[in-house]
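A.B. asks: You'll find final.cif just under this line, and it carries mmCIF, C-alpha atoms.
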```
data_start
loop_
_atom_site.label_atom_id
_atom_site.label_comp_id
_atom_site.auth_asym_id
_atom_site.auth_seq_id
_atom_site.Cartn_x
_atom_site.Cartn_y
_atom_site.Cartn_z
CA MET A 15 66.20 58.62 -189.91
CA LEU A 16 67.84 56.11 -192.20
CA PHE A 17 68.81 58.98 -194.48
CA MET A 18 70.49 60.78 -191.54
CA LYS A 19 72.49 57.67 -190.56
CA ARG A 20 73.74 57.28 -194.11
CA LYS A 21 74.69 60.95 -194.21
CA ASN A 22 76.56 60.65 -190.88
CA THR A 23 78.33 57.52 -192.09
CA LYS A 24 79.37 59.30 -195.31
CA ASN A 25 80.55 62.31 -193.31
CA LYS A 26 82.60 60.09 -190.98
CA ARG A 27 84.16 58.28 -193.93
CA LEU A 28 84.89 61.58 -195.65
CA LYS A 29 86.44 62.99 -192.46
CA PHE A 30 88.49 59.81 -191.97
CA PHE A 31 89.62 59.92 -195.60
CA LEU A 32 90.60 63.61 -195.29
CA VAL A 33 92.50 62.98 -192.04
CA VAL A 34 94.41 60.10 -193.67
CA ILE A 35 95.29 62.29 -196.68
CA ILE A 36 96.44 65.13 -194.40
CA LEU A 37 98.57 62.75 -192.31
CA LEU A 38 100.11 61.19 -195.43
CA SER A 39 100.83 64.66 -196.86
CA LEU A 40 102.47 65.78 -193.62
CA GLY A 41 104.54 62.57 -193.55
CA ALA A 42 105.67 63.09 -197.13
CA ILE A 43 106.56 66.75 -196.48
CA SER A 44 108.47 65.77 -193.34
CA ALA A 45 110.38 63.05 -195.20
CA VAL A 46 111.32 65.46 -198.00
CA PHE A 47 112.40 68.13 -195.49
CA ILE A 48 114.52 65.69 -193.45
CA GLY A 49 116.10 64.22 -196.61
CA TYR A 50 116.86 67.72 -197.91
CA ARG A 51 118.49 68.67 -194.59
CA LEU A 52 120.65 65.53 -194.69
CA ILE A 53 121.78 66.33 -198.23
CA LEU A 54 122.61 69.91 -197.23
CA ASN A 55 124.65 68.70 -194.27
CA LYS A 56 126.61 66.27 -196.45
CA GLU A 57 127.24 68.94 -199.11
CA GLY A 58 128.29 71.35 -196.38
CA LYS A 59 130.81 68.85 -195.04
CA PHE A 60 132.10 68.18 -198.57
CA ILE A 61 132.43 71.88 -199.38
CA SER A 62 134.07 72.62 -196.04
CA SER A 63 136.60 69.82 -196.63
CA LEU A 64 137.40 71.35 -200.04
CA HIS A 65 137.80 74.79 -198.47
CA SER A 66 140.04 73.41 -195.76
CA LYS A 67 142.42 72.18 -198.48
CA ALA A 68 142.07 74.81 -201.22
CA ASN A 69 142.54 78.44 -200.26
CA ILE A 70 141.57 79.81 -203.67
CA SER A 71 140.13 78.43 -206.92
CA ILE A 72 140.34 80.33 -210.21
CA SER A 73 139.85 79.75 -213.90
CA LYS A 74 142.04 80.84 -216.82
CA VAL A 75 145.39 81.12 -215.06
CA TYR A 76 148.41 82.89 -216.55
CA GLN A 77 151.81 83.22 -214.87
CA THR A 78 155.27 84.24 -216.06
CA ALA A 79 158.62 83.47 -214.40
CA THR A 80 161.51 85.87 -214.89
CA ARG A 81 165.08 85.88 -213.64
CA ASP A 82 167.23 89.03 -213.76
CA GLY A 83 164.58 90.66 -215.94
CA ILE A 84 164.65 87.83 -218.53
CA LYS A 85 161.48 85.85 -219.17
CA GLU A 86 162.18 82.13 -218.61
CA TRP A 87 158.73 80.61 -218.99
CA SER A 88 155.05 81.45 -219.16
CA LEU A 89 152.27 79.16 -217.99
CA GLU A 90 148.59 79.01 -218.90
CA ALA A 91 145.96 76.72 -217.42
CA LYS A 92 142.22 76.32 -217.83
CA SER A 93 141.74 76.29 -214.05
CA ALA A 94 143.69 76.06 -210.82
CA TYR A 95 143.20 75.74 -207.11
CA TYR A 96 145.85 76.90 -204.70
CA ILE A 97 146.68 75.14 -201.43
CA ASP A 98 148.61 77.43 -199.09
CA ALA A 99 149.69 74.62 -196.71
CA THR A 100 151.69 72.89 -199.47
CA LYS A 101 152.54 76.07 -201.44
CA GLN A 102 151.29 74.58 -204.67
CA ALA A 103 148.75 75.29 -207.38
CA ASN A 104 147.00 72.28 -208.94
CA LEU A 105 146.36 73.01 -212.62
CA GLN A 106 144.12 71.64 -215.37
CA ASP A 107 144.89 71.75 -219.14
CA VAL A 108 148.41 73.12 -218.80
CA ILE A 109 150.41 74.96 -221.48
CA VAL A 110 153.97 76.11 -220.69
CA THR A 111 156.25 78.02 -223.04
CA PHE A 112 159.97 77.93 -222.19
CA PHE A 113 162.14 80.71 -223.63
CA LEU A 114 165.67 79.75 -224.72
CA LYS A 115 168.73 82.02 -224.74
CA ASP A 116 169.01 81.83 -228.54
CA GLY A 117 165.45 83.16 -228.94
CA GLY A 118 163.91 79.74 -229.54
CA LYS A 119 160.89 78.39 -227.70
CA VAL A 120 159.95 74.98 -226.29
CA TYR A 121 156.25 74.25 -225.76
CA LEU A 122 154.84 71.85 -223.18
CA THR A 123 151.21 70.70 -222.88
CA ALA A 124 149.65 68.33 -220.34
CA ASP A 125 146.29 67.37 -218.86
CA GLN A 126 147.23 68.21 -215.25
CA GLY A 127 150.05 69.93 -213.46
CA ILE A 128 151.37 71.15 -210.14
CA LEU A 129 153.19 74.46 -209.81
CA LYS A 130 155.20 74.70 -206.60
CA THR A 131 154.90 78.40 -205.87
CA ASP A 132 157.83 78.60 -203.47
CA SER A 133 160.33 77.19 -206.01
CA ASN A 134 158.60 77.62 -209.42
CA ASP A 135 159.16 73.90 -210.06
CA ILE A 136 156.51 72.24 -212.23
CA GLU A 137 155.27 68.64 -212.43
CA VAL A 138 152.89 67.61 -215.23
CA THR A 139 151.02 64.38 -215.99
CA GLY A 140 148.56 62.97 -218.50
CA ASP A 141 149.29 63.13 -222.24
CA VAL A 142 152.45 65.20 -221.83
CA VAL A 143 153.86 66.64 -225.07
CA VAL A 144 157.03 68.75 -225.40
CA ARG A 145 157.78 70.21 -228.81
CA ASN A 146 159.90 72.71 -230.64
CA GLU A 147 160.14 73.52 -234.35
CA THR A 148 161.81 70.18 -235.16
CA TYR A 149 160.91 67.51 -232.57
CA ARG A 150 157.96 66.26 -230.56
CA LEU A 151 158.42 64.34 -227.28
CA ARG A 152 155.63 62.33 -225.57
CA THR A 153 155.53 60.88 -222.07
CA LYS A 154 153.15 60.32 -219.15
CA LYS A 155 154.94 62.40 -216.52
CA LEU A 156 157.48 65.22 -216.66
CA ASN A 157 159.16 67.59 -214.22
CA TYR A 158 160.75 71.01 -214.58
CA GLU A 159 163.38 72.12 -212.04
CA HIS A 160 163.44 75.90 -212.13
CA THR A 161 166.80 76.65 -210.45
CA LYS A 162 168.70 74.47 -212.97
CA ARG A 163 166.26 75.06 -215.87
CA ILE A 164 166.06 71.34 -216.59
CA ILE A 165 163.08 69.37 -217.89
CA PHE A 166 163.30 65.69 -216.99
CA SER A 167 161.29 62.48 -217.09
CA LYS A 168 161.98 59.32 -215.11
CA VAL A 169 159.38 57.37 -217.10
CA PRO A 170 159.69 56.23 -220.75
CA VAL A 171 159.69 58.89 -223.45
CA GLU A 172 159.24 58.89 -227.22
CA ILE A 173 160.70 61.56 -229.46
CA VAL A 174 159.75 61.98 -233.11
CA GLY A 175 161.14 64.33 -235.75
CA ASP A 176 161.73 64.51 -239.48
CA SER A 177 165.07 62.75 -239.15
CA LEU A 178 164.62 60.48 -236.13
CA ASN A 179 162.36 58.25 -234.05
CA LEU A 180 163.65 57.51 -230.57
CA ALA A 181 162.47 55.86 -227.34
CA ALA A 182 164.24 55.89 -223.98
CA ASP A 183 163.61 54.90 -220.36
CA SER A 184 164.27 58.45 -219.12
CA MET A 185 165.59 61.79 -220.29
CA SER A 186 166.68 65.24 -219.21
CA PHE A 187 166.66 68.42 -221.28
CA ASP A 188 168.91 71.32 -220.22
CA LEU A 189 167.23 74.51 -221.40
CA ASN A 190 170.36 76.58 -220.68
CA ILE A 191 172.41 74.86 -223.37
CA ASN A 192 169.53 73.39 -225.41
CA ARG A 193 170.80 69.81 -224.98
CA ILE A 194 168.86 66.62 -224.33
CA LEU A 195 170.24 63.47 -222.66
CA PHE A 196 168.54 60.06 -222.96
CA GLU A 197 169.23 57.31 -220.41
CA GLY A 198 168.39 53.67 -219.81
CA ARG A 199 167.40 51.54 -222.76
CA VAL A 200 167.55 53.81 -225.80
CA GLU A 201 166.26 52.63 -229.18
CA GLY A 202 165.76 54.58 -232.36
CA SER A 203 166.20 55.11 -236.02
CA PHE A 204 167.94 58.03 -237.74
CA SER A 205 167.81 59.25 -241.32
CA GLU A 206 170.92 60.26 -243.25
CA THR A 207 170.10 63.94 -243.03
CA ILE A 208 170.51 64.20 -239.26
CA THR A 209 173.30 66.38 -237.86
CA LEU A 210 174.55 65.92 -234.32
#
```
What does this structure look like when you write it as structure tokens?
C.D. replies:
Amino acid sequence: MLFMKRKNTKNKRLKFFLVVIILLSLGAISAVFIGYRLILNKEGKFISSLHSKANISISKVYQTATRDGIKEWSLEAKSAYYIDATKQANLQDVIVTFFLKDGGKVYLTADQGILKTDSNDIEVTGDVVVRNETYRLRTKKLNYEHTKRIIFSKVPVEIVGDSLNLAADSMSFDLNINRILFEGRVEGSFSETITL
């Protein structure tokens, strides 16, 4: 009889222990499921907000602008996303090649850029470098106005070449006549071999 009571007590403890383990397991599974659903809902809201802004996202972008059958510039970017509401493509790791009338080329690189698809105007920021065979210009922000074919910066620029070092508050570069204009406080040094 004593043996039976001990066996019943052990069985009750075992049953109680198993019920507790099952309840804890169900609680843990429920918590994981609810947490997972919350994460999915947040990601869904985030993704839907991205989709409401960006209509298309692509990698390795290439575009060329021509006027009257003449190539004026070509643009490459590592990636882009296009927003139809603002008619602009936001670009990463931008490279633009401008083609001059005399056959020369001007190269522009930047970390980010915006191409306004309705006007072909370009704005670039982040480690902006413009260079040709002779000179290299650095700035933080630069714009290109397509109708006038002018590159301009309203923030300080630095230009370096074999025969000059120059800094200015702002500048504009007319690609039609291959002429650059510096404005504001302009400082620099020239070597004797420079021709103007």
A.B. asks: Mind telling me what the PyMOL selection byres ((chain A and resi 89) around 9) catches here, as a ChimeraX atom specification?
C.D. replies: /A:75-79,87-88,90-91,108-112
A.B. asks: Step by step, work through what the PyMOL selection byres ((chain A and resi 190-196) around 12) selects in the shown file, and finish by giving those residues as a ChimeraX atom specification.
C.D. replies: /A:86,112-120,146,149,151,159-173,180-189,197-202,210
A.B. asks: What would the selection look like, as a ChimeraX atom specification, if the PyMOL selection byres ((chain A and resi 102) around 10) were run on the coordinates I just shared?
C.D. replies: /A:68,94-101,103-105,128-136
A.B. asks: Atom CA of Asn179 of chain A and atom CA of Gly127 of chain A, how far apart in Å?
C.D. replies: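 Atom CA of Asn179 of chain A lies at a distance of 26.7 Å from atom CA of Gly127 of chain A.
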A.B. asks: Enter the distance from atom CA of Leu156 of chain A to atom CA of Val174 of chain A, in Å, rounded to one decimal.
C.D. replies: 16.9 Å
A.B. asks: May I ask for the distance between atom CA of Gly83 of chain A and atom CA of Val138 of chain A, given in Å to one decimal place?
C.D. replies: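 Computed distance, atom CA of Gly83 of chain A to atom CA of Val138 of chain A, equals 25.9 Å.
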A.B. asks: Find, counting all atoms listed in the file, the residue in A:Ile35, A:Leu122, A:Ile43, A:Ile84 that gets nearest to Val144 of chain A.
C.D. replies: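 Checking each of A:Ile35, A:Leu122, A:Ile43, A:Ile84 against Val144 of chain A, counting all atoms listed in the file, the winner is A:Leu122.
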